[in-house]
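Take a look at the structure set out below.
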Amino acid sequence: MTQPIDPLALAGAKPKGKRPYFLDNPDVERVMAITMAVAQELAVMRERLDTVERLLEAKGISQADIENFQPTPEQADARGAWHQEYLARILRIYQQEIEALDKPDEPTSEDIGVELGQDG
Amino acid sequence: MTDKTYDGPPDYRLVGEHGMFPRTTHDEKARFNFLAHLNRHLASRILPGVKTAYETRIEPNNPVPNHRNQVRKQLLKDPLFQHWSAQRRNTMELRQQAGRWVTLRQAEAMNAKARDLTEGDERLELDPDLEIPPYLAKIDHHCMPGSYHDELVPGDVTGPANYDCGIFVTTGGGLGRFNDGGGHAVVKWMKTNRPDFAPKRILDIGGGLGQNVLPIAQAYPDAEVVCLDTGAPSLRYGLARAKEMGVDNVRFVQANAEDMSRYPDGHFDWVQSTMFLHETSVKSMPKIMKESHRVLAPGGICMHVEQPQYSPDMPLYEQAIRDWDAFYNNEPFWTKMHELDLDQWMVDAGFSRDELLHGGVAAVVDAELFPEHANDDVEDYGRKAAWHIVGGEKKAA
């Protein structure tokens with residue numbers, strides 16, 4: 001029997017219109033896209049684990065319990081706060097680049113090493 | 001984390017699951033949560049850095065730009081803009097994949113449900129011979145594969161279902177429980193500014209799956225309401241969705257707004273569009289505006305809701321960032337539409353200057369559960385759920 005719609009093949013379909021690439025090396029952009037998809041799946045797993053842990057805390061668990069879990073407003077806020085922390089962690093390199101914007105002449109460790117190694 | 005009160009996107013589980021809404025598993029909800037947060041992070045944490053990069057290392061080292069396209073081309077060479085852009089594009093692609101996975105895996109059940117709800121219902125008027133206008137056929141708007149009109153199988157509604165369940169991601173829930181914050185916003189404007197207005201017939205142009213017209217239909221329950229669009233899947237899903245939400249005074253009509261000859265002059269008391277004009281073209285827009293004026297009754301009101309125009313006092317940097325969706329999110333007419341003199345186009349369509357009206361609206365949502373964009377200081381240029389109105393009031397005969 002043929003499946004009329006194949007989600008595996010079609011969910012990630014390319015939209016009409018040529019895709020723009022932004023990074024100087026498209027390979028880096030490809031790796032970035034894969035990394036972010038992995039980051040997404042890790043976030044999904046973390047949310048599921050959070051559900052399990054909160055259920056374990058309260059009572060015995062079942063699949064239905066997990067599927068239908070509704071966080072309280074406080075629990076949802078805590079999850080949202082986790083997302084913020086998580087993104088700040090994995091996108092740290094951008095934060096550091098922004099912080100470095102006003103330090104264009106900051107010496108490297110090598111520079112400092114050379115300086116510290118020089119005789120008086 | 002600090003003990004600061006949480007101010008991020010709400011949990012996806014607060015989204016309103018009407019009867020046509022695709023079912024989502026625990027992990028699918030979590031995927032939408034992640035993507036909403038990623039959008040918010042890109043807007044609130046990375047984009048301000050792009051502005052700093054522009055001010056500190058692009059502006060001082062480049063010729064003074066006289067147009068937003070020059071700013072954009074300067075930005076394209078900056079690594080932070082490159083990464084923000086690559087992330088934003090990729091996030092949109094992830095959002096489409098996540099939503100399509102949800103709807104395609106249950107396509108058979110969803111399509112059957114839509115068929116059961118709409119078959120034989122005279123409020124669904126489809127036109128299989130309608131030619132999809134080039135502005136929709138040439139490119140898939142906001143990277144949504146299949147756009148508003150493609151059908152994977154006959155009777156398909158998976159495209160609009162994907163739109164409905166995934167738009168939460170782009171605005172972080174800013175459009176409210178049923179993605180209808182825009183519709184509630186124009187109702188609030190009308191009830192506040194024209195409290196005695198009692199339209200008998202209302203037309204929503206480019207209404208898609210009707211998410212914004214349902215609050216209008218509910219606010220004016222005695223009115224006959226038409227949701228007009230070119231996409232059959234959207235209209236089919238829209239009627240099924242309206243019925244599941246208990247809204248019965250809306251017809252879903254497949255037609256091109258450039259030719260509304262099916263309706264006589266002065267047929268509608270209220271002609272409305274919400275975030276629609278930017279998805280058309282410079283050739284079609286004057287025809288749409290002219291037709292909107294023609295079908296508007298004396299004493300009636302025409303309102304188009306859009307993002308703000310590029311005015312001379314809007315900094316070129318802001319214009320360039322607002323233009324991002326035009327170049328990189330498949331909204332090709334966005335850039336031109338936002339520089340047009342819309343007042344002049346309304347006049348060319350038949351309104352006199354003293355009939356024009358302007359206003360500003362922000363999404364009206366359940367503020368206990370969803371972010372209120374009117375009070376939100378995170379500006380995701382071009383995506384914030386706060387809009388401008390350009391319209392006209394036809395003088396009574």
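Labeling convention for the structure tokens: chains A, B, ... as they appear, residues from 1 per chain, ligands from 1 in order of appearance.
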Check which residues of chain A sit at most 6 Å from chain B using only C-alpha atoms, and return one row each with the closest pair of atoms and their distance in Å to one decimal, ordered by chain and rising number, as JSON lines.
```
{"residue": "A:Pro7", "atom": "CA", "partner": "B:Leu104", "partner_atom": "CA", "distance": 5.3}
{"residue": "A:Ala11", "atom": "CA", "partner": "B:Arg100", "partner_atom": "CA", "distance": 4.9}
{"residue": "A:Gly12", "atom": "CA", "partner": "B:Gln97", "partner_atom": "CA", "distance": 4.8}
{"residue": "A:Pro15", "atom": "CA", "partner": "B:Pro145", "partner_atom": "CA", "distance": 4.3}
{"residue": "A:Lys16", "atom": "CA", "partner": "B:Ile139", "partner_atom": "CA", "distance": 4.9}
{"residue": "A:Gly17", "atom": "CA", "partner": "B:Ile139", "partner_atom": "CA", "distance": 5.2}
{"residue": "A:Phe22", "atom": "CA", "partner": "B:Gln82", "partner_atom": "CA", "distance": 5.0}
{"residue": "A:Leu23", "atom": "CA", "partner": "B:Gln82", "partner_atom": "CA", "distance": 5.6}
{"residue": "A:Val44", "atom": "CA", "partner": "B:Ala30", "partner_atom": "CA", "distance": 5.1}
{"residue": "A:Glu67", "atom": "CA", "partner": "B:His26", "partner_atom": "CA", "distance": 5.1}
{"residue": "A:Ala76", "atom": "CA", "partner": "B:Asp11", "partner_atom": "CA", "distance": 5.8}
{"residue": "A:Asp77", "atom": "CA", "partner": "B:Tyr6", "partner_atom": "CA", "distance": 5.9}
{"residue": "A:Ile98", "atom": "CA", "partner": "B:Gly49", "partner_atom": "CA", "distance": 5.5}
```
| message | Residues of segment 44-103 of chain A classed as alpha helix (DSSP H) by DSSP on the backbone are to be reported as a count of residues only. | response | 46
| task | Would you kindly return, as a PyMOL selection string, each protein, DNA or RNA residue with an atom no farther than 9 Å from any atom of segment 208-217 of chain B, considering only C-alpha atoms and excluding same-chain residues fewer than 6 positions away? | result | chain B and resi 148+160-161+163-164+178-184+186-187+202+223-231+233-239+241-242+245+247-250+252+272+274
| Residue neighbourhood Gln63 of chain A, 12 Å, only C-alpha atoms, exclusion window fewer than 6 positions, as a list in words | Arg48, Thr51, Val52, Leu55 and Phe69 of chain A; Thr25 and His26 of chain B
I need the residues from that last selection saved to file as a JSON list (two decimals), in the first residue's frame (with all heavy atoms), if you can.
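Once everything was written out, this is selection22.json:
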```json
[["chain", "number", "residue", "atom", "x", "y", "z"],
["A", 48, "ARG", "N", 10.93, 17.18, 27.74],
["A", 48, "ARG", "CA", 10.30, 15.90, 28.06],
["A", 48, "ARG", "C", 10.80, 15.38, 29.40],
["A", 48, "ARG", "O", 10.03, 14.92, 30.23],
["A", 48, "ARG", "CB", 10.59, 14.89, 26.95],
["A", 48, "ARG", "CG", 9.75, 13.65, 27.08],
["A", 48, "ARG", "CD", 9.91, 12.73, 25.89],
["A", 48, "ARG", "NE", 8.94, 11.65, 25.98],
["A", 48, "ARG", "CZ", 7.71, 11.71, 25.48],
["A", 48, "ARG", "NH1", 7.32, 12.77, 24.81],
["A", 48, "ARG", "NH2", 6.89, 10.70, 25.62],
["A", 51, "THR", "N", 9.18, 17.09, 32.16],
["A", 51, "THR", "CA", 7.84, 16.55, 32.38],
["A", 51, "THR", "C", 7.90, 15.28, 33.23],
["A", 51, "THR", "O", 7.18, 15.14, 34.22],
["A", 51, "THR", "CB", 7.17, 16.24, 31.03],
["A", 51, "THR", "OG1", 7.10, 17.44, 30.27],
["A", 51, "THR", "CG2", 5.78, 15.67, 31.23],
["A", 52, "VAL", "N", 8.79, 14.39, 32.85],
["A", 52, "VAL", "CA", 8.92, 13.12, 33.58],
["A", 52, "VAL", "C", 9.29, 13.37, 35.03],
["A", 52, "VAL", "O", 8.70, 12.80, 35.95],
["A", 52, "VAL", "CB", 9.97, 12.23, 32.88],
["A", 52, "VAL", "CG1", 10.24, 10.99, 33.71],
["A", 52, "VAL", "CG2", 9.51, 11.84, 31.49],
["A", 55, "LEU", "N", 6.46, 14.70, 37.04],
["A", 55, "LEU", "CA", 5.45, 13.67, 37.30],
["A", 55, "LEU", "C", 5.94, 12.67, 38.34],
["A", 55, "LEU", "O", 5.18, 12.24, 39.22],
["A", 55, "LEU", "CB", 5.10, 12.96, 36.00],
["A", 55, "LEU", "CG", 4.18, 13.75, 35.08],
["A", 55, "LEU", "CD1", 4.15, 13.14, 33.70],
["A", 55, "LEU", "CD2", 2.78, 13.83, 35.67],
["A", 69, "PHE", "N", 0.64, 16.16, 30.00],
["A", 69, "PHE", "CA", 1.11, 17.02, 31.08],
["A", 69, "PHE", "C", 0.90, 18.49, 30.77],
["A", 69, "PHE", "O", 1.19, 18.96, 29.68],
["A", 69, "PHE", "CB", 2.60, 16.76, 31.32],
["A", 69, "PHE", "CG", 3.18, 17.65, 32.39],
["A", 69, "PHE", "CD1", 2.84, 17.46, 33.72],
["A", 69, "PHE", "CD2", 4.05, 18.68, 32.05],
["A", 69, "PHE", "CE1", 3.37, 18.27, 34.70],
["A", 69, "PHE", "CE2", 4.58, 19.50, 33.04],
["A", 69, "PHE", "CZ", 4.24, 19.30, 34.36],
["B", 25, "THR", "N", 1.92, 16.14, 19.78],
["B", 25, "THR", "CA", 2.46, 15.34, 20.88],
["B", 25, "THR", "C", 3.24, 16.25, 21.83],
["B", 25, "THR", "O", 3.51, 17.42, 21.53],
["B", 25, "THR", "CB", 3.43, 14.27, 20.36],
["B", 25, "THR", "OG1", 4.56, 14.95, 19.76],
["B", 25, "THR", "CG2", 2.78, 13.37, 19.32],
["B", 26, "HIS", "N", 3.60, 15.67, 22.94],
["B", 26, "HIS", "CA", 4.42, 16.39, 23.92],
["B", 26, "HIS", "C", 5.66, 16.99, 23.25],
["B", 26, "HIS", "O", 5.97, 18.17, 23.43],
["B", 26, "HIS", "CB", 4.84, 15.40, 25.02],
["B", 26, "HIS", "CG", 5.70, 15.99, 26.08],
["B", 26, "HIS", "ND1", 7.03, 16.26, 25.89],
["B", 26, "HIS", "CD2", 5.41, 16.37, 27.35],
["B", 26, "HIS", "CE1", 7.52, 16.78, 27.00],
["B", 26, "HIS", "NE2", 6.56, 16.86, 27.90]]
```
| Separation of atom CA of Ser311 of chain B from atom CA of Lys290 of chain B, in Å and rounded to one decimal | 24.0 Å
| request: Figure out the distance between atom CA of Ala112 of chain B and atom CA of Asn256 of chain B, please, to one decimal in Å. | output: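 So the answer is 26.9 Å.
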| note | Of B:Lys395, B:Arg322, B:Lys384, B:Lys336, the one nearest to Glu355 of chain B when counting only C-alpha atoms is B:Lys395
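Across segment 162-281 of chain B, DSSP run on the backbone finds strand (DSSP E) at Arg201, Ile202, Leu203, Asp204, Ile205, Glu224, Val225, Val226, Cys227, Leu228, Asp229, Val250, Arg251, Phe252, Val253, Gln254, Phe268, Asp269, Trp270, Val271, Gln272, Ser273 and Thr274 of chain B.
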Write out, as a PDB file, in the first residue's frame, the residues just selected, with N, CA and C atoms.
```pdb
ATOM      1  N   ARG B 201     -22.783  44.114   5.871  1.00  0.00           N
ATOM      2  CA  ARG B 201     -21.956  43.183   5.084  1.00  0.00           C
ATOM      3  C   ARG B 201     -20.486  43.565   5.244  1.00  0.00           C
ATOM      4  N   ILE B 202     -19.656  42.550   5.533  1.00  0.00           N
ATOM      5  CA  ILE B 202     -18.226  42.785   5.786  1.00  0.00           C
ATOM      6  C   ILE B 202     -17.417  41.886   4.855  1.00  0.00           C
ATOM      7  N   LEU B 203     -16.355  42.470   4.259  1.00  0.00           N
ATOM      8  CA  LEU B 203     -15.479  41.717   3.355  1.00  0.00           C
ATOM      9  C   LEU B 203     -14.055  41.732   3.891  1.00  0.00           C
ATOM     10  N   ASP B 204     -13.456  40.553   4.048  1.00  0.00           N
ATOM     11  CA  ASP B 204     -12.041  40.453   4.419  1.00  0.00           C
ATOM     12  C   ASP B 204     -11.276  39.938   3.207  1.00  0.00           C
ATOM     13  N   ILE B 205     -10.390  40.786   2.680  1.00  0.00           N
ATOM     14  CA  ILE B 205      -9.644  40.436   1.457  1.00  0.00           C
ATOM     15  C   ILE B 205      -8.344  39.738   1.826  1.00  0.00           C
ATOM     16  N   GLU B 224     -23.374  39.784   7.518  1.00  0.00           N
ATOM     17  CA  GLU B 224     -22.933  38.725   6.606  1.00  0.00           C
ATOM     18  C   GLU B 224     -21.474  39.007   6.303  1.00  0.00           C
ATOM     19  N   VAL B 225     -20.615  38.030   6.546  1.00  0.00           N
ATOM     20  CA  VAL B 225     -19.173  38.249   6.416  1.00  0.00           C
ATOM     21  C   VAL B 225     -18.619  37.345   5.325  1.00  0.00           C
ATOM     22  N   VAL B 226     -17.714  37.909   4.507  1.00  0.00           N
ATOM     23  CA  VAL B 226     -17.061  37.143   3.446  1.00  0.00           C
ATOM     24  C   VAL B 226     -15.563  37.148   3.679  1.00  0.00           C
ATOM     25  N   CYS B 227     -14.965  35.936   3.684  1.00  0.00           N
ATOM     26  CA  CYS B 227     -13.512  35.804   3.696  1.00  0.00           C
ATOM     27  C   CYS B 227     -13.107  35.421   2.282  1.00  0.00           C
ATOM     28  N   LEU B 228     -12.422  36.346   1.590  1.00  0.00           N
ATOM     29  CA  LEU B 228     -12.059  36.144   0.184  1.00  0.00           C
ATOM     30  C   LEU B 228     -10.575  35.838   0.067  1.00  0.00           C
ATOM     31  N   ASP B 229     -10.236  34.778  -0.666  1.00  0.00           N
ATOM     32  CA  ASP B 229      -8.831  34.404  -0.812  1.00  0.00           C
ATOM     33  C   ASP B 229      -8.677  33.574  -2.081  1.00  0.00           C
ATOM     34  N   VAL B 250     -19.846  33.490   8.387  1.00  0.00           N
ATOM     35  CA  VAL B 250     -18.773  33.791   7.435  1.00  0.00           C
ATOM     36  C   VAL B 250     -18.845  32.836   6.249  1.00  0.00           C
ATOM     37  N   ARG B 251     -18.806  33.426   5.042  1.00  0.00           N
ATOM     38  CA  ARG B 251     -18.672  32.639   3.809  1.00  0.00           C
ATOM     39  C   ARG B 251     -17.208  32.656   3.391  1.00  0.00           C
ATOM     40  N   PHE B 252     -16.708  31.558   2.854  1.00  0.00           N
ATOM     41  CA  PHE B 252     -15.320  31.470   2.400  1.00  0.00           C
ATOM     42  C   PHE B 252     -15.319  31.333   0.880  1.00  0.00           C
ATOM     43  N   VAL B 253     -14.842  32.379   0.212  1.00  0.00           N
ATOM     44  CA  VAL B 253     -15.002  32.506  -1.238  1.00  0.00           C
ATOM     45  C   VAL B 253     -13.635  32.547  -1.923  1.00  0.00           C
ATOM     46  N   GLN B 254     -13.436  31.645  -2.887  1.00  0.00           N
ATOM     47  CA  GLN B 254     -12.182  31.626  -3.642  1.00  0.00           C
ATOM     48  C   GLN B 254     -12.285  32.578  -4.821  1.00  0.00           C
ATOM     49  N   PHE B 268     -20.587  46.188   0.228  1.00  0.00           N
ATOM     50  CA  PHE B 268     -20.101  45.952   1.596  1.00  0.00           C
ATOM     51  C   PHE B 268     -20.007  47.255   2.388  1.00  0.00           C
ATOM     52  N   ASP B 269     -20.333  47.170   3.670  1.00  0.00           N
ATOM     53  CA  ASP B 269     -20.211  48.336   4.548  1.00  0.00           C
ATOM     54  C   ASP B 269     -18.806  48.449   5.148  1.00  0.00           C
ATOM     55  N   TRP B 270     -18.101  47.331   5.159  1.00  0.00           N
ATOM     56  CA  TRP B 270     -16.748  47.322   5.741  1.00  0.00           C
ATOM     57  C   TRP B 270     -15.888  46.420   4.857  1.00  0.00           C
ATOM     58  N   VAL B 271     -14.817  46.998   4.312  1.00  0.00           N
ATOM     59  CA  VAL B 271     -13.851  46.231   3.532  1.00  0.00           C
ATOM     60  C   VAL B 271     -12.532  46.250   4.300  1.00  0.00           C
ATOM     61  N   GLN B 272     -11.977  45.067   4.538  1.00  0.00           N
ATOM     62  CA  GLN B 272     -10.881  44.918   5.491  1.00  0.00           C
ATOM     63  C   GLN B 272      -9.772  44.057   4.895  1.00  0.00           C
ATOM     64  N   SER B 273      -8.506  44.408   5.164  1.00  0.00           N
ATOM     65  CA  SER B 273      -7.429  43.443   4.928  1.00  0.00           C
ATOM     66  C   SER B 273      -6.436  43.546   6.073  1.00  0.00           C
ATOM     67  N   THR B 274      -5.869  42.415   6.462  1.00  0.00           N
ATOM     68  CA  THR B 274      -4.944  42.383   7.591  1.00  0.00           C
ATOM     69  C   THR B 274      -3.658  41.689   7.162  1.00  0.00           C
TER      70      THR B 274
END
```
Spatial neighbours of Leu356 of chain B, max dist 9 Å, only C-alpha atoms, sep filter under 6 positions, as a short mmCIF file (atom, residue, chain, number, x, y, z; two decimals) with N, CA and C atoms, in the first residue's frame:
```cif
data_model
loop_
_atom_site.label_atom_id
_atom_site.label_comp_id
_atom_site.auth_asym_id
_atom_site.auth_seq_id
_atom_site.Cartn_x
_atom_site.Cartn_y
_atom_site.Cartn_z
N ASP B 343 -1.45 56.68 0.84
CA ASP B 343 -2.52 57.68 0.76
C ASP B 343 -2.83 57.99 -0.70
N MET B 346 -4.69 55.26 -2.31
CA MET B 346 -6.11 55.26 -1.89
C MET B 346 -6.88 56.32 -2.68
N VAL B 347 -6.22 57.47 -2.87
CA VAL B 347 -6.85 58.54 -3.65
C VAL B 347 -7.04 58.09 -5.10
N VAL B 390 -4.15 52.01 7.29
CA VAL B 390 -4.45 53.04 6.30
C VAL B 390 -5.81 52.69 5.72
N GLY B 391 -6.68 53.67 5.63
CA GLY B 391 -8.02 53.34 5.17
C GLY B 391 -8.76 54.56 4.66
N GLY B 392 -10.04 54.34 4.42
CA GLY B 392 -10.86 55.44 3.92
C GLY B 392 -12.31 55.24 4.32
N GLU B 393 -12.99 56.36 4.53
CA GLU B 393 -14.42 56.32 4.84
C GLU B 393 -15.16 56.98 3.70
N LYS B 394 -15.97 56.18 3.02
CA LYS B 394 -16.71 56.72 1.88
C LYS B 394 -17.86 57.58 2.40
#
```
| task | Can you pull out every residue within 9 Å of Gly382 of chain B, counting only C-alpha atoms, but drop anything in the same chain fewer than 3 positions away, and send it as a PyMOL selection string? | result | chain B and resi 307-308+321-325+379+385
